[in-house]
Amino acid sequence: MTESKRAIAHDLLSIGAVFLRPENPFVWASGIKSPIYCDNRLTLTAPDVRTRIENGLAALVREQYPAAEVLMGTSTAGIAHAAIVGHLTGLPMGYVRSGNKDHGRGNRIEGRLDAGQRVVVVEDLISTAGSCLDVVGALRDAGADVLGIVSIFTYGMRKGLERLAAAGVRNESLCDFDAVCEVAAEEGKIKPEDIARLRRFRDNPSDESWMS
């Protein structure tokens, strides 16, 4: 784990943007029981954390995607981050709706995007990667050259990794599930022995054996 990942993991845990509760799991809409809750929208209301995250995302864009011409946020959680990172990098930004508007021009992609432009998608969270790959698909359909994704946090779930690989899409995250678990154990938020069972959840969320 790098020092930068450790720092972001501490930040996310400190403001409750990521919350680990292995003894009293959360329940997802799908019915899956989860030991982790993630709401990166909270980073926007914590100025010091927000500054470190946006600077980190901007650094990822510069270092990993130096040819980027446009940033596109995912709707809705990625929009604010794309706007701030666009300001820091001097790049234009827009965002991609979950579907076409039912009025006006019926846009799905908001902001100027020319065919052939090199785009980086800005996302707050990646789990199974379905929503961000839907955005990538819409951008590709519009003629964009999608270089990849930058995100605040990734679960690193097998399904998500396989989907990204199959679509030929690279993701660069500031922080990941392993880093959060390790820092949470160091800070006494979970027991050290919980890390192995949390990783079992990450590798197969539908298998509830991690709870025993």
# chains A, B, ... in the order shown; residues from 1 in each chain; ligands from 1

$ residues_around --residues "Gly90 in chain A" --least-positions-apart "2" --cutoff "12 Å" --atoms "only C-alpha atoms" --output "ChimeraX atom specification"
/A:58,61-62,68-71,82-88,92-93

$ select_by_dssp --residues "chain A" --states "helix (DSSP H, G or I)" --output "number ranges by chain"
A: 3-14, 40-45, 47-64, 79-89, 130-141, 158-167, 177-186, 194-203, 208-211

$ closest_atom_pairs --of "range 20-67 of chain A" --to "range 123-130 of chain A" --cutoff "12 Å" --atoms "only C-alpha atoms" --output "CSV"
residue,atom,partner,partner_atom,distance
A:Ile36,CA,A:Ser127,CA,11.6
A:Tyr37,CA,A:Leu125,CA,11.4
A:Cys38,CA,A:Leu125,CA,8.2
A:Asp39,CA,A:Leu125,CA,8.5
A:Asn40,CA,A:Asp124,CA,6.4
A:Arg41,CA,A:Asp124,CA,8.1
A:Leu42,CA,A:Asp124,CA,10.9
A:Thr43,CA,A:Asp124,CA,9.9
A:Leu44,CA,A:Asp124,CA,11.0
A:Arg50,CA,A:Asp124,CA,12.0
A:Ile53,CA,A:Asp124,CA,10.3
A:Glu54,CA,A:Asp124,CA,10.9
A:Leu57,CA,A:Glu123,CA,10.0

$ closest_residue --among "A:Val122, A:Leu133, A:Ile79, A:Ala179" --to "Glu110 in chain A" --atoms "only C-alpha atoms"
A:Ile79

$ closest_residue --among "A:Lys159, A:Ala17, A:Arg202, A:Ala165" --to "Asp178 in chain A" --atoms "only C-alpha atoms"
A:Arg202

$ select_by_dssp --residues "range 24-123 of chain A" --states "strand (DSSP E or B)" --output "number ranges by chain"
A: 26-27, 33-34, 36-38, 70-74, 93-96, 109-110, 118-123

$ closest_residue --among "A:Ala166, A:Leu91, A:Cys175, A:Cys181" --to "Gly56 in chain A" --atoms "only C-alpha atoms"
A:Cys175

$ closest_residue --among "A:Gly99, A:Gly148, A:Pro35, A:Pro205" --to "Val121 in chain A" --atoms "only C-alpha atoms"
A:Gly148

$ residues_around --residues "range 7-11 of chain A" --least-positions-apart "4" --cutoff "9 Å" --atoms "only C-alpha atoms" --output "VMD selection string"
chain A and resid 2 to 3 15 to 18 43 49 52 to 53 152 to 153 174 to 177 179 to 184 187

$ residues_around --residues "Lys33 in chain A" --least-positions-apart "4" --cutoff "9 Å" --atoms "only C-alpha atoms" --output "list in words"
Pro25, Phe26, Val27, Trp28, Pro205, Ser206 and Glu208 of chain A

$ atom_distance --atom1 "CA of Val120 in chain A" --atom2 "CA of Tyr65 in chain A"
7.5 Å

$ atom_distance --atom1 "CA of Thr51 in chain A" --atom2 "CA of Ala80 in chain A"
12.5 Å

$ atom_distance --atom1 "CA of Leu13 in chain A" --atom2 "CA of Val150 in chain A"
20.0 Å

$ closest_residue --among "A:Leu20, A:Leu12, A:Ala115, A:Met211" --to "Ala185 in chain A" --atoms "only C-alpha atoms"
A:Leu20
